[in-house]
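Asker: Provided below: target02.txt, containing compact mmCIF, C-alpha atoms.
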```txt
# COMPACT_ATOMS: atom_id res chain seq x y z
CA MET A 228 21.25 47.62 0.70
CA PRO A 229 20.21 48.60 -2.84
CA ASN A 230 16.89 50.43 -3.04
CA SER A 231 15.33 47.75 -5.29
CA VAL A 232 16.14 44.97 -2.81
CA ALA A 233 14.87 47.02 0.13
CA ALA A 234 11.64 47.75 -1.69
CA ALA A 235 11.11 44.08 -2.53
CA LEU A 236 11.75 43.09 1.08
CA ALA A 237 9.28 45.68 2.34
CA LEU A 238 6.61 44.40 -0.03
CA PHE A 239 7.21 40.81 1.11
CA LEU A 240 6.98 41.73 4.81
CA ALA A 241 3.78 43.66 4.18
CA ALA A 242 2.20 40.68 2.40
CA LEU A 243 3.34 38.11 4.97
CA PRO A 244 0.26 38.29 7.25
CA ALA A 245 -2.00 37.60 4.29
CA LEU A 246 0.10 34.62 3.30
CA MET A 247 0.18 33.02 6.75
CA PRO A 248 -3.31 31.44 6.68
CA ALA A 249 -2.36 29.58 3.49
CA ALA A 250 0.94 28.41 4.98
CA ILE A 251 -0.31 27.43 8.45
CA PRO A 252 -3.26 24.99 8.73
CA ALA A 253 -5.43 27.20 10.89
CA ALA A 254 -8.45 25.26 9.56
CA TRP A 255 -7.51 22.47 11.95
CA ALA A 256 -9.06 24.57 14.70
CA ALA A 257 -12.07 25.59 12.63
CA GLU A 258 -15.73 24.92 13.28
CA PRO A 259 -16.92 21.31 12.81
CA GLN A 260 -17.25 20.36 9.17
CA ALA A 261 -20.85 20.37 7.91
CA PRO A 262 -22.22 16.95 6.91
CA GLY A 263 -21.58 16.06 3.28
CA PRO A 264 -24.22 14.26 1.19
CA THR A 265 -23.48 10.71 2.38
CA LEU A 266 -23.03 11.55 6.05
CA ALA A 267 -26.20 13.65 5.98
CA ALA A 268 -28.17 10.83 4.33
CA VAL A 269 -26.91 8.23 6.82
CA ARG A 270 -27.81 10.44 9.77
CA GLN A 271 -31.24 11.29 8.40
CA ARG A 272 -31.94 7.62 7.74
CA GLY A 273 -30.47 6.60 11.10
CA VAL A 274 -28.96 3.50 9.53
CA LEU A 275 -25.74 2.70 7.63
CA VAL A 276 -26.40 0.60 4.51
CA CYS A 277 -23.39 -1.66 4.15
CA GLY A 278 -22.73 -3.78 1.07
CA THR A 279 -21.46 -7.20 2.08
CA SER A 280 -20.94 -10.61 0.48
CA THR A 281 -23.39 -13.44 0.01
CA GLY A 282 -21.10 -15.56 2.18
CA ALA A 283 -17.33 -15.61 2.78
CA ALA A 284 -16.12 -17.41 5.91
CA GLY A 285 -14.03 -15.16 8.11
CA PHE A 286 -15.14 -12.04 6.27
CA SER A 287 -18.93 -11.96 6.09
CA LEU A 288 -21.10 -14.95 6.87
CA PRO A 289 -24.36 -15.26 8.84
CA ASP A 290 -24.05 -17.35 12.02
CA SER A 291 -26.68 -19.75 13.37
CA ARG A 292 -28.79 -16.78 14.52
CA GLY A 293 -28.52 -14.98 11.18
CA GLU A 294 -26.03 -12.40 12.51
CA TYR A 295 -23.28 -11.48 10.05
CA ARG A 296 -19.81 -12.34 11.37
CA GLY A 297 -16.41 -11.59 9.88
CA LEU A 298 -13.67 -9.05 9.40
CA ASP A 299 -15.61 -7.08 6.79
CA THR A 300 -18.82 -6.97 8.79
CA ASP A 301 -16.95 -5.92 11.95
CA LEU A 302 -15.49 -3.01 10.01
CA CYS A 303 -19.03 -2.05 8.97
CA ARG A 304 -20.08 -2.15 12.63
CA GLY A 305 -17.11 -0.01 13.61
CA LEU A 306 -18.07 2.53 10.95
CA ALA A 307 -21.68 2.63 12.17
CA ALA A 308 -20.43 3.21 15.72
CA ALA A 309 -18.13 6.03 14.58
CA VAL A 310 -20.86 7.77 12.55
CA LEU A 311 -24.07 6.97 14.45
CA GLY A 312 -22.75 5.96 17.88
CA ASP A 313 -24.32 2.50 17.61
CA PRO A 314 -22.81 -0.56 15.84
CA ALA A 315 -26.26 -2.12 15.48
CA LYS A 316 -27.59 0.65 13.24
CA ILE A 317 -26.80 -1.23 10.04
CA ARG A 318 -28.81 -2.53 7.13
CA TRP A 319 -26.93 -5.35 5.43
CA MET A 320 -27.13 -5.73 1.67
CA PRO A 321 -25.62 -9.05 0.50
CA LEU A 322 -24.20 -8.62 -3.00
CA THR A 323 -22.75 -10.99 -5.57
CA SER A 324 -19.39 -10.22 -7.16
CA SER A 325 -21.01 -8.92 -10.34
CA ALA A 326 -23.63 -6.82 -8.49
CA ARG A 327 -21.43 -5.21 -5.83
CA LEU A 328 -19.91 -2.29 -7.76
CA PRO A 329 -23.15 -1.31 -9.57
CA ALA A 330 -24.96 -1.32 -6.21
CA LEU A 331 -22.48 1.21 -4.83
CA GLN A 332 -22.47 3.29 -8.03
CA SER A 333 -26.27 3.56 -7.99
CA GLY A 334 -26.43 4.58 -4.32
CA GLN A 335 -28.08 1.39 -3.04
CA VAL A 336 -25.37 1.14 -0.39
CA ASP A 337 -23.37 3.79 1.50
CA VAL A 338 -20.17 1.78 1.53
CA LEU A 339 -18.94 -1.52 0.13
CA ILE A 340 -16.84 -3.57 2.56
CA ARG A 341 -16.82 -6.92 0.84
CA THR A 342 -13.57 -8.72 -0.07
CA THR A 343 -13.21 -6.34 -3.02
CA THR A 344 -9.78 -6.16 -4.65
CA TRP A 345 -8.36 -2.71 -5.36
CA THR A 346 -7.37 -2.53 -9.03
CA GLN A 347 -6.47 0.36 -11.29
CA GLY A 348 -9.43 -0.27 -13.58
CA ARG A 349 -11.95 -0.37 -10.76
CA ASP A 350 -10.46 2.73 -9.17
CA ALA A 351 -10.15 4.86 -12.30
CA ALA A 352 -13.06 3.80 -14.51
CA THR A 353 -16.03 3.13 -12.23
CA GLY A 354 -16.60 6.41 -10.40
CA LEU A 355 -15.48 4.77 -7.16
CA ASN A 356 -12.70 5.32 -4.62
CA PHE A 357 -10.85 2.63 -2.65
CA THR A 358 -10.08 3.95 0.83
CA ALA A 359 -7.37 1.82 2.52
CA VAL A 360 -6.25 -1.80 2.31
CA ASN A 361 -7.89 -3.72 5.14
CA PHE A 362 -6.57 -7.15 4.11
CA TYR A 363 -3.68 -8.29 1.91
CA ASP A 364 -4.49 -11.51 0.08
CA GLY A 365 -3.59 -13.52 -3.01
CA GLN A 366 -5.34 -16.09 -5.19
CA GLY A 367 -4.69 -19.79 -4.72
CA PHE A 368 -6.06 -23.25 -5.47
CA MET A 369 -7.80 -25.89 -3.35
CA LEU A 370 -8.37 -29.51 -4.38
CA ARG A 371 -8.78 -32.96 -2.94
CA LYS A 372 -5.65 -34.67 -1.61
CA SER A 373 -6.72 -37.81 -3.41
CA LEU A 374 -5.90 -36.18 -6.77
CA GLY A 375 -2.23 -36.25 -5.86
CA VAL A 376 -1.52 -32.79 -7.31
CA GLY A 377 1.49 -31.09 -5.73
CA LYS A 378 1.69 -27.84 -7.68
CA ALA A 379 -0.68 -25.64 -9.63
CA THR A 380 0.89 -26.32 -13.03
CA ASP A 381 -0.08 -29.98 -12.59
CA LEU A 382 -3.72 -28.94 -13.06
CA GLN A 383 -3.41 -29.54 -16.80
CA GLY A 384 -6.85 -30.39 -18.19
CA ALA A 385 -8.56 -29.89 -14.82
CA SER A 386 -11.96 -28.30 -14.29
CA ILE A 387 -11.69 -25.32 -11.92
CA CYS A 388 -14.55 -23.63 -10.08
CA VAL A 389 -14.40 -19.82 -10.07
CA VAL A 390 -16.83 -16.94 -9.39
CA ALA A 391 -18.00 -14.68 -12.22
CA GLY A 392 -17.30 -10.96 -12.14
CA SER A 393 -14.29 -11.37 -9.86
CA THR A 394 -10.61 -10.68 -10.28
CA ASN A 395 -10.17 -14.41 -9.63
CA GLU A 396 -11.76 -15.26 -12.98
CA LEU A 397 -9.42 -12.90 -14.84
CA ASN A 398 -6.33 -13.92 -12.86
CA LEU A 399 -6.97 -17.58 -13.56
CA THR A 400 -7.14 -16.97 -17.30
CA ASP A 401 -3.94 -14.90 -17.28
CA TRP A 402 -2.06 -17.45 -15.16
CA ALA A 403 -3.13 -20.39 -17.33
CA ARG A 404 -2.11 -18.63 -20.53
CA LEU A 405 1.27 -17.63 -19.10
CA ASN A 406 1.98 -21.14 -17.77
CA HIS A 407 0.52 -23.02 -20.76
CA VAL A 408 -2.06 -24.79 -18.62
CA ASP A 409 -5.25 -25.87 -20.37
CA PHE A 410 -8.17 -25.99 -17.96
CA ARG A 411 -11.95 -25.95 -18.08
CA PRO A 412 -13.53 -23.06 -16.13
CA VAL A 413 -16.72 -23.83 -14.22
CA VAL A 414 -18.15 -20.37 -13.52
CA PHE A 415 -20.73 -19.48 -10.84
CA GLU A 416 -22.49 -16.29 -9.82
CA GLN A 417 -22.00 -16.77 -6.06
CA ASN A 418 -19.34 -18.21 -3.76
CA ASP A 419 -21.84 -20.56 -2.18
CA GLU A 420 -22.75 -22.07 -5.55
CA ALA A 421 -19.08 -22.65 -6.32
CA ARG A 422 -18.53 -24.21 -2.89
CA ARG A 423 -21.42 -26.63 -3.24
CA SER A 424 -20.34 -27.61 -6.74
CA TYR A 425 -16.76 -28.21 -5.66
CA LEU A 426 -17.93 -30.42 -2.80
CA ALA A 427 -20.25 -32.30 -5.18
CA GLY A 428 -17.30 -33.07 -7.45
CA ARG A 429 -18.40 -30.91 -10.38
CA CYS A 430 -14.89 -29.44 -10.58
CA ASP A 431 -11.44 -30.75 -9.71
CA ALA A 432 -10.24 -27.56 -8.02
CA TYR A 433 -11.55 -24.29 -6.63
CA SER A 434 -9.64 -21.03 -7.18
CA THR A 435 -10.25 -17.88 -5.17
CA ASP A 436 -8.43 -15.77 -2.57
CA ALA A 437 -6.30 -17.99 -0.33
CA SER A 438 -7.93 -16.67 2.86
CA GLN A 439 -11.37 -17.62 1.55
CA LEU A 440 -10.10 -21.07 0.61
CA ALA A 441 -8.92 -21.53 4.20
CA GLY A 442 -12.32 -20.48 5.49
CA LEU A 443 -14.14 -22.77 3.08
CA ARG A 444 -11.96 -25.75 3.96
CA ALA A 445 -12.57 -25.15 7.68
CA SER A 446 -16.34 -25.39 7.03
CA PHE A 447 -16.16 -28.70 5.12
CA PRO A 448 -17.32 -31.95 6.75
CA ASN A 449 -13.83 -33.48 6.32
CA PRO A 450 -11.38 -30.59 5.90
CA GLU A 451 -8.34 -32.87 6.07
CA GLU A 452 -9.35 -34.36 2.72
CA HIS A 453 -8.61 -31.05 0.96
CA VAL A 454 -5.31 -29.27 0.35
CA ILE A 455 -4.53 -25.66 -0.53
CA LEU A 456 -1.59 -25.52 -2.91
CA PRO A 457 1.35 -23.26 -1.95
CA GLU A 458 1.31 -21.13 -5.11
CA ILE A 459 -0.17 -17.65 -4.94
CA ILE A 460 -0.88 -16.33 -8.45
CA SER A 461 -1.98 -12.74 -7.78
CA LYS A 462 -2.03 -9.72 -5.50
CA GLU A 463 -5.46 -9.18 -3.92
CA PRO A 464 -5.48 -6.06 -1.72
CA HIS A 465 -8.98 -5.74 -0.28
CA ALA A 466 -10.29 -2.28 0.57
CA PRO A 467 -13.59 -0.60 1.54
CA VAL A 468 -15.05 1.32 -1.41
CA VAL A 469 -17.05 4.57 -1.65
CA ARG A 470 -18.36 6.74 -4.48
CA HIS A 471 -16.45 9.58 -6.11
CA GLY A 472 -17.51 13.09 -5.22
CA ASP A 473 -17.81 12.96 -1.43
CA ASP A 474 -14.36 13.50 0.06
CA GLN A 475 -15.72 13.79 3.59
CA TRP A 476 -17.25 10.31 3.46
CA PHE A 477 -14.05 8.96 1.89
CA ASP A 478 -12.11 10.39 4.85
CA ILE A 479 -14.55 8.96 7.40
CA VAL A 480 -14.38 5.43 6.03
CA ARG A 481 -10.60 5.53 5.60
CA TRP A 482 -9.80 7.07 8.97
CA THR A 483 -12.16 4.79 10.89
CA PHE A 484 -10.09 1.87 9.62
CA PHE A 485 -6.85 3.71 10.40
CA ALA A 486 -8.15 4.39 13.92
CA LEU A 487 -8.70 0.67 14.53
CA LEU A 488 -5.20 -0.02 13.23
CA THR A 489 -3.71 2.75 15.39
CA ALA A 490 -5.52 1.36 18.42
CA GLU A 491 -3.76 -1.99 17.98
CA GLU A 492 -0.38 -0.27 17.68
CA LEU A 493 -1.03 1.75 20.85
CA GLY A 494 -2.46 -1.19 22.83
CA VAL A 495 -5.97 0.26 23.07
CA THR A 496 -8.48 -2.60 23.13
CA GLN A 497 -12.21 -3.12 23.39
CA ALA A 498 -11.72 -4.02 27.06
CA ASN A 499 -9.46 -1.14 28.13
CA VAL A 500 -10.64 1.74 25.94
CA GLU A 501 -12.44 3.44 28.83
CA ALA A 502 -9.46 3.08 31.17
CA GLU A 503 -7.17 4.49 28.46
CA ARG A 504 -8.99 7.80 28.78
CA ASN A 505 -6.63 8.39 31.72
CA SER A 506 -3.56 7.79 29.55
CA ALA A 507 -0.86 10.43 29.44
CA ASN A 508 0.20 9.29 25.95
CA PRO A 509 -0.65 12.16 23.56
CA GLU A 510 -1.28 9.72 20.68
CA VAL A 511 -3.82 7.80 22.74
CA ARG A 512 -5.50 11.02 23.84
CA ARG A 513 -5.83 12.23 20.23
CA LEU A 514 -7.17 8.81 19.16
CA LEU A 515 -9.86 8.83 21.83
CA GLY A 516 -10.90 12.43 21.15
CA LEU A 517 -9.62 13.82 24.45
CA THR A 518 -7.43 16.40 22.73
CA GLY A 519 -7.59 17.96 19.29
CA ASP A 520 -10.58 18.28 17.00
CA HIS A 521 -9.96 15.33 14.70
CA GLY A 522 -13.58 14.22 14.71
CA ALA A 523 -14.83 17.71 13.88
CA LEU A 524 -12.54 17.78 10.84
CA MET A 525 -14.76 15.05 9.36
CA GLY A 526 -18.09 16.21 10.76
CA LEU A 527 -18.02 13.62 13.56
CA GLU A 528 -18.19 13.73 17.36
CA PRO A 529 -14.91 13.81 19.36
CA GLY A 530 -15.37 10.18 20.45
CA TRP A 531 -15.83 8.73 16.94
CA ALA A 532 -12.78 6.47 17.15
CA ALA A 533 -13.41 5.48 20.76
CA ASN A 534 -16.95 4.43 19.76
CA ALA A 535 -15.59 2.23 16.96
CA ILE A 536 -13.04 0.58 19.26
CA LYS A 537 -15.66 -0.05 21.95
CA ALA A 538 -17.91 -1.65 19.36
CA VAL A 539 -15.50 -4.08 17.67
CA GLY A 540 -12.05 -3.79 19.25
CA ASN A 541 -8.84 -2.89 17.46
CA TYR A 542 -7.75 -4.37 14.13
CA GLY A 543 -5.75 -7.15 15.78
CA GLU A 544 -8.76 -8.21 17.85
CA ILE A 545 -10.97 -8.19 14.76
CA PHE A 546 -8.47 -10.30 12.82
CA GLU A 547 -7.93 -12.87 15.56
CA ARG A 548 -11.64 -13.24 16.26
CA ASN A 549 -12.58 -13.87 12.65
CA LEU A 550 -9.49 -15.17 10.83
CA GLY A 551 -6.72 -15.84 13.35
CA MET A 552 -5.46 -18.98 15.01
CA ALA A 553 -8.29 -18.93 17.57
CA SER A 554 -10.88 -18.94 14.76
CA PRO A 555 -11.95 -21.87 12.56
CA VAL A 556 -10.04 -20.30 9.64
CA LYS A 557 -6.69 -20.32 11.51
CA LEU A 558 -4.74 -17.81 9.42
CA GLN A 559 -1.40 -16.39 10.47
CA ARG A 560 -1.23 -12.58 10.36
CA GLY A 561 1.50 -12.64 7.69
CA LEU A 562 1.32 -9.51 5.53
CA ASN A 563 -1.60 -8.32 7.66
CA ALA A 564 0.58 -7.90 10.76
CA LEU A 565 1.48 -4.42 11.93
CA TRP A 566 4.51 -2.82 10.30
CA THR A 567 6.30 -3.09 13.66
CA LYS A 568 5.91 -6.88 13.47
CA GLY A 569 7.01 -7.51 9.90
CA GLY A 570 3.68 -6.88 8.17
CA LEU A 571 2.32 -4.22 5.83
CA MET A 572 -0.31 -2.69 8.10
CA TYR A 573 0.67 0.92 8.67
CA ALA A 574 -1.63 3.82 9.59
CA PRO A 575 -0.75 7.49 9.12
CA PRO A 576 -0.74 9.43 12.41
CA ILE A 577 -3.84 11.06 13.85
CA ARG A 578 -2.56 14.54 14.63
```
Take the structure from the file and write it as C-alpha cells.
Answerer:
Amino acid sequence: MPNSVAAALALFLAALPALMPAAIPAAWAAEPQAPGPTLAAVRQRGVLVCGTSTGAAGFSLPDSRGEYRGLDTDLCRGLAAAVLGDPAKIRWMPLTSSARLPALQSGQVDVLIRTTTWTQGRDAATGLNFTAVNFYDGQGFMLRKSLGVGKATDLQGASICVVAGSTNELNLTDWARLNHVDFRPVVFEQNDEARRSYLAGRCDAYSTDASQLAGLRASFPNPEEHVILPEIISKEPHAPVVRHGDDQWFDIVRWTFFALLTAEELGVTQANVEAERNSANPEVRRLLGLTGDHGALMGLEPGWAANAIKAVGNYGEIFERNLGMASPVKLQRGLNALWTKGGLMYAPPIR
C-alpha cells in the first residue's frame, strides 16, 4: 500500500469515533427535551387555547349544551390530552375566516384547528406553519332542487353566497373567470350568516367546501329540497396551524395527529387502548409509550399518544362520529380513508 494511502486511512480511522455521534442518532436516547415557548406557556397556564370556527357542522359546532363537537374540536381535545393529560383543559376561541390567521400570529391562540386550507401563500408569507393534512376536501355548490340546475356552469347570472377571507371566495372568482360564468357574489363574514341568507333566499346558491355543504344541508328543515352539485372546483387540504419559530410545538401538534392516524391503522381504539398495553406488536408498544422515548423527544410524557387515543379515539372513530355515515353529515371516507384502503391518509412511522 502506498505511504500516502496508508496515512490517509490512518487519519480516517483516528477521526472515526468523533464522527460517529453525527452519523448515529444517539440523541434519540437523550434526556427529555426541555419545554419550548409554546409548551411552557400551555403548561404554566394549565389550558390549551384552541382556535376554532364560529360554526361548521361536522367540524366545530356547539351542541344543545354548548359543547363543541366535530372533527376539528376532537383533534383539539386529543392535543390537550397529549400535552396536559386532560382533554377538558381547553379554552375555545371561535374565529371568523378573516380573523383566524391574525389571531394565531398575535399569540391569542396556541393552535388553529379550524377548517383552514393549506396554501403556499398562507404557509410562506404569514409566519405560520401547517402541520399535517387532517382532512382532504374540495369546494362545491349547493342550491335548491327547484331551480333545475344540473351543473355548475348553468349558474350563469346566479347570486352565490360565499364567506369573506376564505379560499372559497378566491376559488369562486377564478372558476367563474375560467368558465365564463357571470355571477353575483353575496359575501358574508361568518358561515352562519351565509347559511341564514341562503335559507332566506337571498342567494341562489351557496359555495364552500363540499363537506361543509353536506353538514349544512343535514341541518336544514327540509334537506331533500337542496342538492349539492357533483363538480368540485378546488383542492382544499385542511391542516392544523402553528406559528413559525417553535419547532417543538410544531412536532407535538403534527405527531399527535399522526398518532391518532397510526392508532386506526394498528386497530388501537378508545375502547381497547388499555388492553393493547399487553400487545406484543412493537409498533403498538412504541405508540403507547411502552418502549422507546418518543414522548421525551418532544418534551412530553411517555403516554402522550395513549392519552390522546383514550380521550377521543383513533382518527377513524373521530371521522365516523362527526362526519361518517352514522353522523347527520353522512360522508363517505373517500380521500380521507387510510392509504391501505384507497385513501390518502398516511402517517410516518413512530420509531
Asker: Would you kindly return, as a list in words, each protein, DNA or RNA residue with an atom no farther than 12 Å from any atom of Met552 of chain A, considering only C-alpha atoms and excluding same-chain residues fewer than 3 positions away?
Answerer: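 Near neighbours after the sequence-gap exclusion: Gly285, Ala441, Gly442, Ala445, Gly543, Glu544, Phe546, Glu547, Arg548, Asn549, Pro555, Val556, Lys557, Leu558, Gln559, Arg560 and Gly561 of chain A.
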Asker: Segment 409-428 of chain A, all listed atoms, 6 Å padding on each side: what axis-aligned box centre and edge lengths in Å to one decimal come out, as AutoDock Vina command-line options?
Answerer:
```
--center_x -14.0 --center_y -24.7 --center_z -11.3 --size_x 29.5 --size_y 28.8 --size_z 30.2
```
Asker: Can you check which parts of segment 265-288 of chain A lie within 12 Å of segment 522-529 of chain A? Per residue, the shortest pair of atoms and distance in Å to one decimal, counting only C-alpha atoms, sorted by chain and number, as CSV.
Answerer:
```
residue,atom,partner,partner_atom,distance
A:Thr265,CA,A:Gly526,CA,11.4
A:Leu266,CA,A:Gly526,CA,8.3
A:Ala267,CA,A:Gly526,CA,9.8
A:Arg270,CA,A:Leu527,CA,11.0
```
Asker: As an exercise, work out the distance from atom CA of Ser438 of chain A to atom CA of Val389 of chain A in Å and give it to one decimal place.
Answerer: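 Here the two named atoms are 14.8 Å from each other.
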Asker: Which residue, A:Ala284, A:Leu562, A:Tyr295, A:Leu302, has the smallest gap to Phe447 of chain A when you use all atoms listed in the file?
Answerer: A:Ala284
Asker: So that I can see what lies close to Ala359 of chain A, please list as an MDAnalysis selection string the residues with an atom at most 12 Å from it, counting all atoms listed in the file and leaving out residues fewer than 5 positions away in the same chain.
Answerer: chainID A and resid 340 343:345 464:469 477:486 488 571:575
Asker: Residues near Leu374 of chain A, anyone? I mean within 12 Å using all atoms listed in the file, not counting same-chain ones fewer than 5 positions away, as a PyMOL selection string.
Answerer: chain A and resi 369+381-382+385+428+430-432+452-454
Asker: Quick one: write out the picked residues with C-alpha atoms as a short mmCIF file (atom, residue, chain, number, x, y, z; two decimals), keeping the file's coordinate frame?
Answerer:
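again_15.cif written:
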```cif
data_model
loop_
_atom_site.label_atom_id
_atom_site.label_comp_id
_atom_site.auth_asym_id
_atom_site.auth_seq_id
_atom_site.Cartn_x
_atom_site.Cartn_y
_atom_site.Cartn_z
CA MET A 369 -7.80 -25.89 -3.35
CA ASP A 381 -0.08 -29.98 -12.59
CA LEU A 382 -3.72 -28.94 -13.06
CA ALA A 385 -8.56 -29.89 -14.82
CA GLY A 428 -17.30 -33.07 -7.45
CA CYS A 430 -14.89 -29.44 -10.58
CA ASP A 431 -11.44 -30.75 -9.71
CA ALA A 432 -10.24 -27.56 -8.02
CA GLU A 452 -9.35 -34.36 2.72
CA HIS A 453 -8.61 -31.05 0.96
CA VAL A 454 -5.31 -29.27 0.35
#
```
Asker: Distance cut-off 9 Å, centre (-1.8, -20.9, -5.5) in file coordinates, counting only C-alpha atoms: which residues qualify? Return them as a list of chain:residue names.
Answerer: A:Gly365, A:Gln366, A:Gly367, A:Phe368, A:Met369, A:Lys378, A:Ala379, A:Ser434, A:Thr435, A:Asp436, A:Ala437, A:Ile455, A:Leu456, A:Pro457, A:Glu458, A:Ile459, A:Ile460, A:Ser461
Asker: Can you write out the residues you just picked, keeping C-alpha atoms, as a PDB file, in the frame of the given file?
Answerer:
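Saved file selection-v3.pdb follows:
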```
ATOM      1  CA  GLY A 365      -3.590 -13.520  -3.010  1.00  0.00           C
ATOM      2  CA  GLN A 366      -5.340 -16.090  -5.190  1.00  0.00           C
ATOM      3  CA  GLY A 367      -4.690 -19.790  -4.720  1.00  0.00           C
ATOM      4  CA  PHE A 368      -6.060 -23.250  -5.470  1.00  0.00           C
ATOM      5  CA  MET A 369      -7.800 -25.890  -3.350  1.00  0.00           C
ATOM      6  CA  LYS A 378       1.690 -27.840  -7.680  1.00  0.00           C
ATOM      7  CA  ALA A 379      -0.680 -25.640  -9.630  1.00  0.00           C
ATOM      8  CA  SER A 434      -9.640 -21.030  -7.180  1.00  0.00           C
ATOM      9  CA  THR A 435     -10.250 -17.880  -5.170  1.00  0.00           C
ATOM     10  CA  ASP A 436      -8.430 -15.770  -2.570  1.00  0.00           C
ATOM     11  CA  ALA A 437      -6.300 -17.990  -0.330  1.00  0.00           C
ATOM     12  CA  ILE A 455      -4.530 -25.660  -0.530  1.00  0.00           C
ATOM     13  CA  LEU A 456      -1.590 -25.520  -2.910  1.00  0.00           C
ATOM     14  CA  PRO A 457       1.350 -23.260  -1.950  1.00  0.00           C
ATOM     15  CA  GLU A 458       1.310 -21.130  -5.110  1.00  0.00           C
ATOM     16  CA  ILE A 459      -0.170 -17.650  -4.940  1.00  0.00           C
ATOM     17  CA  ILE A 460      -0.880 -16.330  -8.450  1.00  0.00           C
ATOM     18  CA  SER A 461      -1.980 -12.740  -7.780  1.00  0.00           C
TER      19      SER A 461
END
```
